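Colleague: So I've got this file, input.pdb, and it contains PDB, C-alpha atoms and all ligand atoms:
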```
MODEL        1
ATOM      1  CA  MET A   2      32.284  15.026   0.536
ATOM      2  CA  THR A   3      34.734  17.238  -1.358
ATOM      3  CA  ASN A   4      38.202  16.220  -2.429
ATOM      4  CA  THR A   5      41.114  18.337  -1.386
ATOM      5  CA  PRO A   6      44.043  18.145  -3.822
ATOM      6  CA  ALA A   7      46.179  16.153  -1.360
ATOM      7  CA  ASP A   8      43.552  13.344  -1.347
ATOM      8  CA  ASP A   9      45.047  12.260  -4.644
ATOM      9  CA  LEU A  10      48.183  11.006  -2.860
ATOM     10  CA  ALA A  11      46.099   8.131  -1.478
ATOM     11  CA  ILE A  12      45.684   6.659  -4.964
ATOM     12  CA  LEU A  13      48.394   8.139  -7.185
ATOM     13  CA  ARG A  14      51.822   6.515  -7.505
ATOM     14  CA  CYS A  15      55.113   7.645  -8.971
ATOM     15  CA  PRO A  16      54.957   7.157 -12.755
ATOM     16  CA  HIS A  17      58.656   6.149 -12.813
ATOM     17  CA  CYS A  18      58.711   3.475 -10.097
ATOM     18  CA  LEU A  19      55.096   3.130  -8.841
ATOM     19  CA  GLY A  20      56.313   4.071  -5.345
ATOM     20  CA  SER A  21      53.860   5.846  -3.051
ATOM     21  CA  LEU A  22      53.981   9.634  -3.029
ATOM     22  CA  GLN A  23      54.432  12.025  -0.122
ATOM     23  CA  ALA A  24      53.622  15.722  -0.165
ATOM     24  CA  VAL A  25      56.747  17.885  -0.418
ATOM     25  CA  ASP A  26      57.294  21.559  -1.193
ATOM     26  CA  GLY A  27      55.884  22.276  -4.642
ATOM     27  CA  GLY A  28      54.504  18.801  -5.255
ATOM     28  CA  ALA A  29      55.038  15.163  -4.310
ATOM     29  CA  SER A  30      57.982  12.762  -4.151
ATOM     30  CA  CYS A  31      58.480   9.005  -3.912
ATOM     31  CA  SER A  32      61.096   7.375  -1.664
ATOM     32  CA  ALA A  33      63.409   6.986  -4.691
ATOM     33  CA  GLY A  34      63.502  10.788  -4.925
ATOM     34  CA  HIS A  35      61.431  11.268  -8.082
ATOM     35  CA  HIS A  36      59.791  14.674  -7.731
ATOM     36  CA  HIS A  37      56.526  15.678  -9.396
ATOM     37  CA  ASP A  38      55.288  19.270  -9.461
ATOM     38  CA  ARG A  39      51.848  20.304  -8.309
ATOM     39  CA  ALA A  40      50.424  23.006 -10.594
ATOM     40  CA  LYS A  41      48.925  26.101  -9.046
ATOM     41  CA  GLN A  42      45.504  24.813 -10.168
ATOM     42  CA  GLY A  43      46.022  21.887  -7.760
ATOM     43  CA  TYR A  44      46.756  18.896 -10.013
ATOM     44  CA  LEU A  45      49.945  16.819 -10.025
ATOM     45  CA  GLY A  46      52.014  16.612 -13.191
ATOM     46  CA  LEU A  47      52.801  12.898 -13.690
ATOM     47  CA  ARG A  48      53.418  12.934 -17.441
ATOM     48  CA  VAL A  49      56.834  11.348 -17.910
ATOM     49  CA  ALA A  50      58.692   9.812 -20.849
ATOM     50  CA  ALA A  51      58.122   6.045 -21.017
ATOM     51  CA  ARG A  52      61.037   3.881 -22.110
ATOM     52  CA  GLY A  53      61.067   3.397 -25.880
ATOM     53  CA  LEU A  54      58.106   5.709 -26.540
ATOM     54  CA  GLY A  55      59.927   9.003 -27.098
ATOM     55  CA  ALA A  56      58.611  12.254 -25.633
ATOM     56  CA  PRO A  57      55.534  12.052 -23.386
ATOM     57  CA  ALA A  58      52.177  12.395 -25.136
ATOM     58  CA  THR A  59      50.612  15.845 -24.774
ATOM     59  CA  GLY A  60      47.029  14.827 -25.589
ATOM     60  CA  ASP A  61      44.270  17.081 -26.854
ATOM     61  CA  THR A  62      44.797  20.781 -27.544
ATOM     62  CA  ALA A  63      42.594  23.539 -26.106
ATOM     63  CA  ASP A  64      40.681  23.727 -29.418
ATOM     64  CA  MET A  65      39.982  19.980 -29.286
ATOM     65  CA  VAL A  66      38.815  20.133 -25.670
ATOM     66  CA  ASP A  67      36.575  23.120 -26.568
ATOM     67  CA  ALA A  68      35.071  21.129 -29.454
ATOM     68  CA  ARG A  69      34.474  18.121 -27.155
ATOM     69  CA  GLU A  70      32.816  20.250 -24.489
ATOM     70  CA  ARG A  71      30.539  21.967 -27.042
ATOM     71  CA  PHE A  72      29.567  18.654 -28.680
ATOM     72  CA  GLN A  73      28.940  16.842 -25.390
ATOM     73  CA  GLY A  74      27.204  19.885 -23.881
ATOM     74  CA  ALA A  75      24.768  19.975 -26.829
ATOM     75  CA  GLY A  76      23.610  16.471 -25.868
ATOM     76  CA  HIS A  77      24.654  14.628 -29.055
ATOM     77  CA  HIS A  78      26.366  11.854 -27.069
ATOM     78  CA  ASP A  79      23.935  11.755 -24.138
ATOM     79  CA  ALA A  80      22.926   8.172 -24.939
ATOM     80  CA  VAL A  81      26.579   7.095 -24.812
ATOM     81  CA  ALA A  82      27.114   8.887 -21.498
ATOM     82  CA  ALA A  83      23.977   7.280 -20.052
ATOM     83  CA  ALA A  84      25.127   3.823 -21.161
ATOM     84  CA  VAL A  85      28.592   4.369 -19.596
ATOM     85  CA  CYS A  86      27.104   5.707 -16.372
ATOM     86  CA  ASP A  87      24.476   2.934 -16.120
ATOM     87  CA  ALA A  88      27.152   0.271 -16.735
ATOM     88  CA  ALA A  89      29.435   1.728 -14.048
ATOM     89  CA  VAL A  90      26.605   2.037 -11.509
ATOM     90  CA  ALA A  91      25.277  -1.481 -12.175
ATOM     91  CA  GLY A  92      28.772  -2.969 -12.114
ATOM     92  CA  LEU A  93      29.748  -1.233  -8.883
ATOM     93  CA  LEU A  94      26.503  -1.935  -7.048
ATOM     94  CA  ALA A  95      26.813  -5.665  -7.843
ATOM     95  CA  ALA A  96      30.344  -5.527  -6.283
ATOM     96  CA  PRO A  97      32.606  -4.022  -4.924
ATOM     97  CA  GLY A  98      30.082  -1.364  -3.818
ATOM     98  CA  ASP A  99      29.538   2.340  -4.293
ATOM     99  CA  GLU A 100      32.483   3.660  -2.283
ATOM    100  CA  GLY A 101      36.104   4.007  -3.227
ATOM    101  CA  TRP A 102      37.678   5.412  -6.360
ATOM    102  CA  ALA A 103      36.507   5.548  -9.942
ATOM    103  CA  VAL A 104      39.494   6.161 -12.230
ATOM    104  CA  ASP A 105      38.797   7.715 -15.643
ATOM    105  CA  LEU A 106      41.597   6.929 -18.102
ATOM    106  CA  ALA A 107      42.181   9.681 -20.658
ATOM    107  CA  GLY A 108      38.990  11.180 -19.309
ATOM    108  CA  GLY A 109      39.244  14.529 -21.106
ATOM    109  CA  PRO A 110      37.429  17.383 -19.360
ATOM    110  CA  GLY A 111      35.549  14.996 -17.052
ATOM    111  CA  TRP A 112      32.070  14.698 -18.549
ATOM    112  CA  HIS A 113      31.688  10.924 -18.050
ATOM    113  CA  LEU A 114      33.340  10.712 -14.641
ATOM    114  CA  GLY A 115      31.210  13.587 -13.328
ATOM    115  CA  GLN A 116      28.022  11.724 -14.246
ATOM    116  CA  VAL A 117      29.183   8.545 -12.500
ATOM    117  CA  LEU A 118      30.047  10.525  -9.363
ATOM    118  CA  ASP A 119      26.678  12.307  -9.435
ATOM    119  CA  ALA A 120      24.996   8.898  -9.497
ATOM    120  CA  LEU A 121      27.186   7.523  -6.678
ATOM    121  CA  PRO A 122      27.655  10.168  -3.959
ATOM    122  CA  GLY A 123      29.973   7.918  -1.893
ATOM    123  CA  MET A 124      32.637   7.674  -4.581
ATOM    124  CA  ARG A 125      35.655   9.800  -5.387
ATOM    125  CA  GLY A 126      36.989  10.235  -8.900
ATOM    126  CA  LEU A 127      40.510  10.349 -10.274
ATOM    127  CA  LEU A 128      40.868  11.543 -13.860
ATOM    128  CA  LEU A 129      44.116  11.031 -15.756
ATOM    129  CA  ASP A 130      44.833  12.583 -19.126
ATOM    130  CA  ALA A 131      47.888  13.649 -21.113
ATOM    131  CA  SER A 132      46.290  16.997 -21.927
ATOM    132  CA  THR A 133      47.017  19.828 -19.485
ATOM    133  CA  VAL A 134      43.948  21.717 -20.705
ATOM    134  CA  ALA A 135      41.668  18.707 -20.167
ATOM    135  CA  VAL A 136      43.105  18.050 -16.700
ATOM    136  CA  ARG A 137      42.640  21.669 -15.606
ATOM    137  CA  ARG A 138      39.019  21.618 -16.699
ATOM    138  CA  ALA A 139      38.356  18.199 -15.166
ATOM    139  CA  GLN A 140      39.837  19.323 -11.842
ATOM    140  CA  ARG A 141      37.369  22.227 -11.732
ATOM    141  CA  SER A 142      34.436  20.259 -13.109
ATOM    142  CA  HIS A 143      33.291  18.367  -9.992
ATOM    143  CA  PRO A 144      33.918  18.645  -6.248
ATOM    144  CA  ARG A 145      34.873  14.958  -6.008
ATOM    145  CA  ILE A 146      37.213  14.810  -9.025
ATOM    146  CA  VAL A 147      40.950  15.072  -8.600
ATOM    147  CA  ALA A 148      42.934  15.056 -11.820
ATOM    148  CA  ALA A 149      46.550  14.567 -12.868
ATOM    149  CA  THR A 150      48.420  14.707 -16.137
ATOM    150  CA  ALA A 151      49.826  11.341 -17.224
ATOM    151  CA  ASP A 152      50.928   9.558 -20.385
ATOM    152  CA  LEU A 153      48.930   6.319 -20.219
ATOM    153  CA  ARG A 154      50.590   4.453 -23.080
ATOM    154  CA  ALA A 155      52.847   2.368 -20.825
ATOM    155  CA  ARG A 156      51.945   2.831 -17.188
ATOM    156  CA  ILE A 157      49.012   4.045 -15.090
ATOM    157  CA  PRO A 158      50.321   5.952 -12.030
ATOM    158  CA  VAL A 159      47.823   4.384  -9.626
ATOM    159  CA  GLY A 160      48.351   1.904  -6.777
ATOM    160  CA  ASP A 161      47.720  -1.846  -7.116
ATOM    161  CA  GLY A 162      44.047  -2.712  -6.603
ATOM    162  CA  ALA A 163      43.169   0.916  -5.827
ATOM    163  CA  ALA A 164      40.331   1.406  -8.340
ATOM    164  CA  ALA A 165      36.820   0.098  -7.651
ATOM    165  CA  ALA A 166      35.965   1.169 -11.199
ATOM    166  CA  VAL A 167      37.987   2.143 -14.258
ATOM    167  CA  LEU A 168      36.413   4.076 -17.139
ATOM    168  CA  LYS A 169      37.990   3.872 -20.587
ATOM    169  CA  VAL A 170      35.829   5.918 -22.952
ATOM    170  CA  PHE A 171      37.272   6.387 -26.469
ATOM    171  CA  ALA A 172      40.576   6.222 -24.642
ATOM    172  CA  PRO A 173      43.933   4.445 -24.449
ATOM    173  CA  GLY A 174      44.979   2.331 -21.462
ATOM    174  CA  PRO A 175      47.448  -0.569 -21.279
ATOM    175  CA  PRO A 176      45.552  -3.813 -20.481
ATOM    176  CA  ALA A 177      48.066  -5.223 -17.967
ATOM    177  CA  GLU A 178      47.995  -1.962 -16.052
ATOM    178  CA  ILE A 179      44.192  -1.831 -16.010
ATOM    179  CA  GLN A 180      44.192  -5.320 -14.482
ATOM    180  CA  ARG A 181      46.822  -4.278 -11.922
ATOM    181  CA  ILE A 182      44.966  -1.196 -10.658
ATOM    182  CA  LEU A 183      41.496  -2.802 -10.393
ATOM    183  CA  ALA A 184      40.378  -3.792  -6.890
ATOM    184  CA  PRO A 185      39.216  -7.386  -6.360
ATOM    185  CA  GLY A 186      35.758  -7.532  -7.933
ATOM    186  CA  GLY A 187      36.301  -4.088  -9.494
ATOM    187  CA  VAL A 188      34.845  -3.167 -12.869
ATOM    188  CA  LEU A 189      36.231  -1.800 -16.110
ATOM    189  CA  VAL A 190      33.681   0.050 -18.240
ATOM    190  CA  ALA A 191      34.995   0.618 -21.759
ATOM    191  CA  ALA A 192      33.257   2.516 -24.567
ATOM    192  CA  ILE A 193      34.437   1.628 -28.057
ATOM    193  CA  PRO A 194      33.200   3.107 -31.348
ATOM    194  CA  GLU A 195      31.772   0.787 -34.016
ATOM    195  CA  PRO A 196      32.763   1.176 -37.690
ATOM    196  CA  GLU A 197      29.540   3.061 -38.525
ATOM    197  CA  HIS A 198      30.060   5.640 -35.745
ATOM    198  CA  HIS A 199      29.796   9.139 -37.312
ATOM    199  CA  ARG A 200      29.873   7.485 -40.761
ATOM    200  CA  GLU A 201      28.135  10.454 -42.443
ATOM    201  CA  LEU A 202      31.331  12.421 -41.743
ATOM    202  CA  VAL A 203      33.922   9.650 -41.987
ATOM    203  CA  GLN A 204      33.189   8.789 -45.623
ATOM    204  CA  PRO A 205      32.924  12.230 -47.301
ATOM    205  CA  LEU A 206      35.672  13.866 -45.248
ATOM    206  CA  LYS A 207      38.018  10.866 -45.416
ATOM    207  CA  LEU A 208      38.377  10.709 -41.645
ATOM    208  CA  LEU A 209      40.197   7.975 -39.724
ATOM    209  CA  LYS A 210      38.181   4.734 -40.047
ATOM    210  CA  VAL A 211      37.256   2.614 -37.023
ATOM    211  CA  PRO A 212      37.992  -1.067 -37.733
ATOM    212  CA  ALA A 213      35.336  -3.691 -36.886
ATOM    213  CA  GLY A 214      35.687  -5.902 -33.821
ATOM    214  CA  LYS A 215      37.461  -3.444 -31.526
ATOM    215  CA  ALA A 216      35.300  -4.367 -28.524
ATOM    216  CA  ASP A 217      36.143  -8.069 -28.928
ATOM    217  CA  GLU A 218      39.798  -7.147 -29.318
ATOM    218  CA  LEU A 219      39.725  -5.217 -26.060
ATOM    219  CA  VAL A 220      38.065  -8.097 -24.197
ATOM    220  CA  ALA A 221      40.648 -10.536 -25.600
ATOM    221  CA  SER A 222      43.473  -8.260 -24.413
ATOM    222  CA  LEU A 223      42.211  -8.520 -20.813
ATOM    223  CA  PRO A 224      42.307 -12.271 -20.063
ATOM    224  CA  GLY A 225      42.339 -11.629 -16.307
ATOM    225  CA  LEU A 226      38.902  -9.980 -16.431
ATOM    226  CA  GLN A 227      35.503 -11.461 -17.161
ATOM    227  CA  GLU A 228      32.985  -9.775 -19.435
ATOM    228  CA  VAL A 229      29.759  -9.301 -17.475
ATOM    229  CA  ALA A 230      27.721  -6.944 -19.661
ATOM    230  CA  ARG A 231      27.706  -5.450 -23.143
ATOM    231  CA  THR A 232      25.379  -3.043 -24.886
ATOM    232  CA  THR A 233      25.610  -1.107 -28.131
ATOM    233  CA  VAL A 234      24.155   2.378 -28.416
ATOM    234  CA  ARG A 235      22.826   2.887 -31.943
ATOM    235  CA  GLU A 236      20.918   6.012 -32.847
ATOM    236  CA  THR A 237      20.987   9.004 -35.125
ATOM    237  CA  VAL A 238      21.236  12.556 -33.880
ATOM    238  CA  ARG A 239      20.678  15.740 -35.889
ATOM    239  CA  VAL A 240      23.666  18.089 -35.926
ATOM    240  CA  ASP A 241      24.225  21.465 -37.535
ATOM    241  CA  ARG A 242      27.412  22.324 -39.459
ATOM    242  CA  ALA A 243      29.182  23.684 -36.395
ATOM    243  CA  ALA A 244      28.441  20.552 -34.372
ATOM    244  CA  ALA A 245      29.524  18.380 -37.313
ATOM    245  CA  ALA A 246      32.857  20.234 -37.362
ATOM    246  CA  ASP A 247      33.158  19.751 -33.596
ATOM    247  CA  ALA A 248      32.566  16.012 -34.057
ATOM    248  CA  VAL A 249      35.589  15.962 -36.365
ATOM    249  CA  PHE A 250      37.857  18.182 -34.270
ATOM    250  CA  MET A 251      37.168  16.755 -30.811
ATOM    251  CA  GLY A 252      39.085  13.589 -31.688
ATOM    252  CA  PRO A 253      42.311  12.411 -33.327
ATOM    253  CA  ASN A 254      41.147  13.629 -36.766
ATOM    254  CA  ALA A 255      42.098  17.081 -35.490
ATOM    255  CA  PHE A 256      45.744  16.073 -35.999
ATOM    256  CA  HIS A 257      45.125  15.189 -39.669
ATOM    257  CA  GLN A 258      42.543  17.694 -40.941
ATOM    258  CA  LYS A 259      42.479  21.448 -41.507
ATOM    259  CA  ARG A 260      39.459  23.153 -39.907
ATOM    260  CA  ALA A 261      38.981  25.564 -42.834
ATOM    261  CA  GLU A 262      38.882  22.689 -45.346
ATOM    262  CA  VAL A 263      36.426  20.668 -43.262
ATOM    263  CA  GLU A 264      34.210  23.719 -42.746
ATOM    264  CA  ALA A 265      34.233  24.428 -46.500
ATOM    265  CA  ALA A 266      33.228  20.840 -47.250
ATOM    266  CA  LEU A 267      30.441  20.994 -44.653
ATOM    267  CA  ALA A 268      29.239  24.369 -45.994
ATOM    268  CA  ALA A 269      28.644  22.716 -49.379
ATOM    269  CA  GLY A 270      26.180  20.303 -47.717
ATOM    270  CA  PRO A 271      22.906  20.833 -45.828
ATOM    271  CA  GLU A 272      22.673  23.114 -42.765
ATOM    272  CA  THR A 273      21.796  20.108 -40.595
ATOM    273  CA  ARG A 274      22.434  16.409 -41.103
ATOM    274  CA  GLU A 275      21.782  13.070 -39.422
ATOM    275  CA  LEU A 276      24.790  11.610 -37.636
ATOM    276  CA  THR A 277      25.008   7.956 -36.647
ATOM    277  CA  VAL A 278      26.111   7.223 -33.119
ATOM    278  CA  ALA A 279      27.276   3.615 -32.712
ATOM    279  CA  VAL A 280      29.258   2.826 -29.588
ATOM    280  CA  THR A 281      29.660  -0.428 -27.683
ATOM    281  CA  VAL A 282      29.926  -0.267 -23.896
ATOM    282  CA  VAL A 283      31.484  -3.346 -22.288
ATOM    283  CA  THR A 284      31.721  -4.092 -18.560
ATOM    284  CA  LEU A 285      34.441  -6.473 -17.348
ATOM    285  CA  ARG A 286      34.990  -7.594 -13.779
ATOM    286  CA  ALA A 287      38.209  -8.426 -11.935
ATOM    287  CA  PRO A 288      38.303 -11.691  -9.975
ATOM    288  CA  GLY A 289      37.848 -11.803  -6.191
ATOM    289  CA  GLY A 290      36.019  -9.390  -3.974
TER     290      GLY A 290
HETATM  291  C1  LIG B 301      38.758  10.922 -27.751
HETATM  292  S1  LIG B 301      39.250  11.783 -26.251
HETATM  293  C2  LIG B 301      38.178  11.032 -25.008
HETATM  294  C3  LIG B 301      38.038  11.858 -23.761
HETATM  295  C4  LIG B 301      37.002  11.336 -22.754
HETATM  296  N1  LIG B 301      37.262   9.952 -22.377
HETATM  297  C5  LIG B 301      35.598  11.478 -23.290
HETATM  298  O1  LIG B 301      35.087  10.495 -23.847
HETATM  299  O2  LIG B 301      35.031  12.567 -23.179
HETATM  300  C6  LIG B 301      40.814  11.036 -25.941
HETATM  301  C7  LIG B 301      41.538  11.608 -24.742
HETATM  302  O3  LIG B 301      42.769  10.896 -24.620
HETATM  303  C8  LIG B 301      43.777  11.796 -24.225
HETATM  304  N2  LIG B 301      45.053  11.145 -24.586
HETATM  305  C9  LIG B 301      45.549  10.912 -25.821
HETATM  306  N3  LIG B 301      46.717  10.234 -25.734
HETATM  307  C10 LIG B 301      46.944  10.008 -24.407
HETATM  308  C11 LIG B 301      47.971   9.352 -23.673
HETATM  309  N4  LIG B 301      49.004   8.778 -24.286
HETATM  310  N5  LIG B 301      47.881   9.309 -22.328
HETATM  311  C12 LIG B 301      46.825   9.894 -21.688
HETATM  312  N6  LIG B 301      45.819  10.528 -22.328
HETATM  313  C13 LIG B 301      45.877  10.580 -23.671
HETATM  314  C14 LIG B 301      43.441  13.074 -24.950
HETATM  315  O4  LIG B 301      44.036  14.213 -24.359
HETATM  316  C15 LIG B 301      41.915  13.071 -24.862
HETATM  317  O5  LIG B 301      41.469  13.773 -23.715
HETATM  318 ZN    ZN B 302      59.601   7.091  -8.133
ENDMDL
END
```
Just give me the structure as structure tokens.

Modeller:
Amino acid sequence: MTNTPADDLAILRCPHCLGSLQAVDGGASCSAGHHHDRAKQGYLGLRVAARGLGAPATGDTADMVDARERFQGAGHHDAVAAAVCDAAVAGLLAAPGDEGWAVDLAGGPGWHLGQVLDALPGMRGLLLDASTVAVRRAQRSHPRIVAATADLRARIPVGDGAAAAVLKVFAPGPPAEIQRILAPGGVLVAAIPEPEHHRELVQPLKLLKVPAGKADELVASLPGLQEVARTTVRETVRVDRAAAADAVFMGPNAFHQKRAEVEAALAAGPETRELTVAVTVVTLRAPGG
């Protein structure tokens, strides 16, 4: 099974009015006449300004996506990816089954969604992200991934109950919208960093701190879903200076730090260092099904 770009119209909705989308010249339109362009690479552009939130988010830059792909490709977060994939597979096989759509919110270049689809050959994947670069790479990354740009702070441009699974890995996603798009019995798999995640870099480089209790906070924000599984990946991995810099610049710290300064600070330390990985993966299930 291979997705063609137009398959995305089965699950995507207009980000302005949530109306269904029909293919038109150059893209797709809803019945209210909102037009959305399809890029020549095949993905729909659904990133629109949400009321009260200013300009649409543009997400990660090419440099950040490069850093993420290098870091993930080197295997430093393999245990996290395995925990996300295992949680999605277990959650889906229990119900609602291994067909239908898995929707990856702010999925970046598609590393996690691709692994879930490899494990479940009957599923299709939709990846949404604000970053054009990430969406282009995700679209190319797997034959069953379709991708679209979207600003997920307010609305998720997906039909009601259309997602058998939703992935939310180090990613934003409005709770009410997650509950709306999940199918009856569908599962949300969320990966949330713990305060000690990457602490060997957070402390010396004064990076953004992760507050404690974020997994509980997420569960509390989703009263319509029931927590069915939780696991925390805790391990140390050995990274060289380049990978340590990638760990900093593949996330939001990239907007607050200068690469040359971080590299100079890392150069003053050892060539390789231990890096703590501490990430909680929670599975929540929608009622029904
Ligand atoms: C820390 S990365 C995680 C990417 C992916 N889930 C992974 O774990 O590999 C966060 C992602 O959120 C995207 N992003 C940031 N703000 C967003 C928004 N408002 N709407 C949609 N995506 C957003 C970024 O472009 C980036 O790809
Ligand atoms: Zn519309």

Colleague: Using only C-alpha atoms, find the one residue out of A:Val147, A:Ala177, A:Val134, A:Val229 that sits nearest to A:Ala63.

Modeller: A:Val134

Colleague: May I ask which of the residues A:Thr277, A:Gln180, A:Asn254, A:Thr233 is the closest one to ligand LIG 301 (chain B), counting only C-alpha atoms and all ligand atoms?

Modeller: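 Once distances to ligand LIG 301 (chain B) are computed over only C-alpha atoms and all ligand atoms, the minimum belongs to A:Asn254.
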
Colleague: Nearest to ligand ZN 302 (chain B): which of A:Arg71, A:Pro158, A:Arg274, A:Ile146 is it, counting all atoms listed in the file?

Modeller: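 Looking only at the distances to ligand ZN 302 (chain B), the closest residue turns out to be A:Pro158.
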
Colleague: Pick out the closest residue to ligand ZN 302 (chain B) from this set: A:Ile12, A:Leu189, A:Leu114, A:Val49. Count all atoms listed in the file.

Modeller: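 For ligand ZN 302 (chain B), the nearest of the given residues is A:Val49.
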
Colleague: Taking only C-alpha atoms and all ligand atoms into account, which of A:Ala265, A:Ala151, A:Val283, A:Ala184 comes nearest ligand LIG 301 (chain B)?

Modeller: A:Ala151

Colleague: Draw an axis-aligned box tight on the listed atoms of ligand LIG 301 (chain B), then pad every side by 4 Å and write out centre and edge lengths in Å to one decimal as AutoDock Vina command-line options.

Modeller:
```
--center_x 42.0 --center_y 11.5 --center_z -24.7 --size_x 22.0 --size_y 13.4 --size_z 14.1
```

Colleague: Could you list, as a list in words, all residues that come within 10 Å of ligand ZN 302 (chain B)? Count only C-alpha atoms and all ligand atoms.

Modeller: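 Using only C-alpha atoms and all ligand atoms, I find these residues within 10 Å of ligand ZN 302 (chain B): Arg14, Cys15, Pro16, His17, Cys18, Leu19, Gly20, Ser21, Leu22, Ser30, Cys31, Ser32, Ala33, Gly34, His35, His36 and His37 of chain A.
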
Colleague: Can you give me, as a ChimeraX atom specification, the residues this file yields under the PyMOL selection byres (((not hetatm)) within 6 of (chain B and resi 301))?

Modeller: /A:58,60-61,107-109,112,130-132,151-154,170-172,252

Colleague: Dump C-alpha atoms for the selected residues as a compact mmCIF listing (two decimals), in the coordinates of the input?

Modeller:
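For reference, selection_8.txt as written:
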```txt
# COMPACT_ATOMS: atom_id res chain seq x y z
CA ALA A 58 52.18 12.40 -25.14
CA GLY A 60 47.03 14.83 -25.59
CA ASP A 61 44.27 17.08 -26.85
CA ALA A 107 42.18 9.68 -20.66
CA GLY A 108 38.99 11.18 -19.31
CA GLY A 109 39.24 14.53 -21.11
CA TRP A 112 32.07 14.70 -18.55
CA ASP A 130 44.83 12.58 -19.13
CA ALA A 131 47.89 13.65 -21.11
CA SER A 132 46.29 17.00 -21.93
CA ALA A 151 49.83 11.34 -17.22
CA ASP A 152 50.93 9.56 -20.39
CA LEU A 153 48.93 6.32 -20.22
CA ARG A 154 50.59 4.45 -23.08
CA VAL A 170 35.83 5.92 -22.95
CA PHE A 171 37.27 6.39 -26.47
CA ALA A 172 40.58 6.22 -24.64
CA GLY A 252 39.08 13.59 -31.69
```

Colleague: So which residues get picked by the PyMOL selection byres (((chain A and resi 209) around 12) and not hetatm) here, written as a list in words?

Modeller: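 That selection, the PyMOL selection byres (((chain A and resi 209) around 12) and not hetatm), comes back as Pro194, Pro196, Glu197, His198, His199, Arg200, Leu202, Val203, Gln204, Pro205, Leu206, Lys207, Leu208, Lys210, Val211, Pro212, Val249, Phe250, Gly252, Pro253, Asn254, Ala255, Phe256, His257 and Gln258 of chain A.
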
Colleague: Would you kindly identify which residues have an atom no farther than 12 Å from (26.8, 0.5, -6.6), using all atoms listed in the file and the file's own coordinates, and write them out as a VMD selection string?

Modeller: chain A and resid 86 to 103 117 to 118 120 to 124 165 to 166 187 to 188

Colleague: Write the residues you've just listed into a file as a compact mmCIF listing (two decimals), in the frame of the given file, and include C-alpha atoms for each of them.

Modeller:
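As a result, result_26.txt now contains:
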```txt
# COMPACT_ATOMS: atom_id res chain seq x y z
CA CYS A 86 27.10 5.71 -16.37
CA ASP A 87 24.48 2.93 -16.12
CA ALA A 88 27.15 0.27 -16.74
CA ALA A 89 29.44 1.73 -14.05
CA VAL A 90 26.60 2.04 -11.51
CA ALA A 91 25.28 -1.48 -12.18
CA GLY A 92 28.77 -2.97 -12.11
CA LEU A 93 29.75 -1.23 -8.88
CA LEU A 94 26.50 -1.94 -7.05
CA ALA A 95 26.81 -5.66 -7.84
CA ALA A 96 30.34 -5.53 -6.28
CA PRO A 97 32.61 -4.02 -4.92
CA GLY A 98 30.08 -1.36 -3.82
CA ASP A 99 29.54 2.34 -4.29
CA GLU A 100 32.48 3.66 -2.28
CA GLY A 101 36.10 4.01 -3.23
CA TRP A 102 37.68 5.41 -6.36
CA ALA A 103 36.51 5.55 -9.94
CA VAL A 117 29.18 8.54 -12.50
CA LEU A 118 30.05 10.52 -9.36
CA ALA A 120 25.00 8.90 -9.50
CA LEU A 121 27.19 7.52 -6.68
CA PRO A 122 27.66 10.17 -3.96
CA GLY A 123 29.97 7.92 -1.89
CA MET A 124 32.64 7.67 -4.58
CA ALA A 165 36.82 0.10 -7.65
CA ALA A 166 35.97 1.17 -11.20
CA GLY A 187 36.30 -4.09 -9.49
CA VAL A 188 34.84 -3.17 -12.87
```

Colleague: Rank A:Ala84, A:His78, A:Val136, A:Phe72 by their smallest atom-to-atom distance to A:Leu45, using all atoms listed in the file, and report the top residue only.

Modeller: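 Of the candidates, the smallest distance to A:Leu45 is held by A:Val136.
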
Colleague: Go ahead and compute the interatomic distance for atom CA of A:Glu201 and atom CA of A:Ala261, in Å to one decimal.

Modeller: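 According to the coordinates, atom CA of A:Glu201 and atom CA of A:Ala261 are separated by 18.6 Å.
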
Colleague: Would you mind reading off the distance between atom CA of A:Ala279 and atom CA of A:Glu195, one decimal, in Å?

Modeller: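 Between atom CA of A:Ala279 and atom CA of A:Glu195 the gap is 5.5 Å.
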
Colleague: For the atom pair atom CA of A:Thr62 and atom CA of A:Arg141, what is the interatomic distance in Å to one decimal place?

Modeller: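 One can read the atom CA of A:Thr62 to atom CA of A:Arg141 distance as 17.5 Å.
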
Colleague: Can you give me, as a short mmCIF file (atom, residue, chain, number, x, y, z; two decimals) with C-alpha atoms, in the frame of the given file, the residues this file yields under the PyMOL selection byres (((chain A and resi 273) around 8) and not hetatm)?

Modeller:
```cif
data_model
loop_
_atom_site.label_atom_id
_atom_site.label_comp_id
_atom_site.auth_asym_id
_atom_site.auth_seq_id
_atom_site.Cartn_x
_atom_site.Cartn_y
_atom_site.Cartn_z
CA ARG A 239 20.68 15.74 -35.89
CA VAL A 240 23.67 18.09 -35.93
CA ASP A 241 24.22 21.46 -37.53
CA ARG A 242 27.41 22.32 -39.46
CA PRO A 271 22.91 20.83 -45.83
CA GLU A 272 22.67 23.11 -42.76
CA ARG A 274 22.43 16.41 -41.10
CA GLU A 275 21.78 13.07 -39.42
#
```
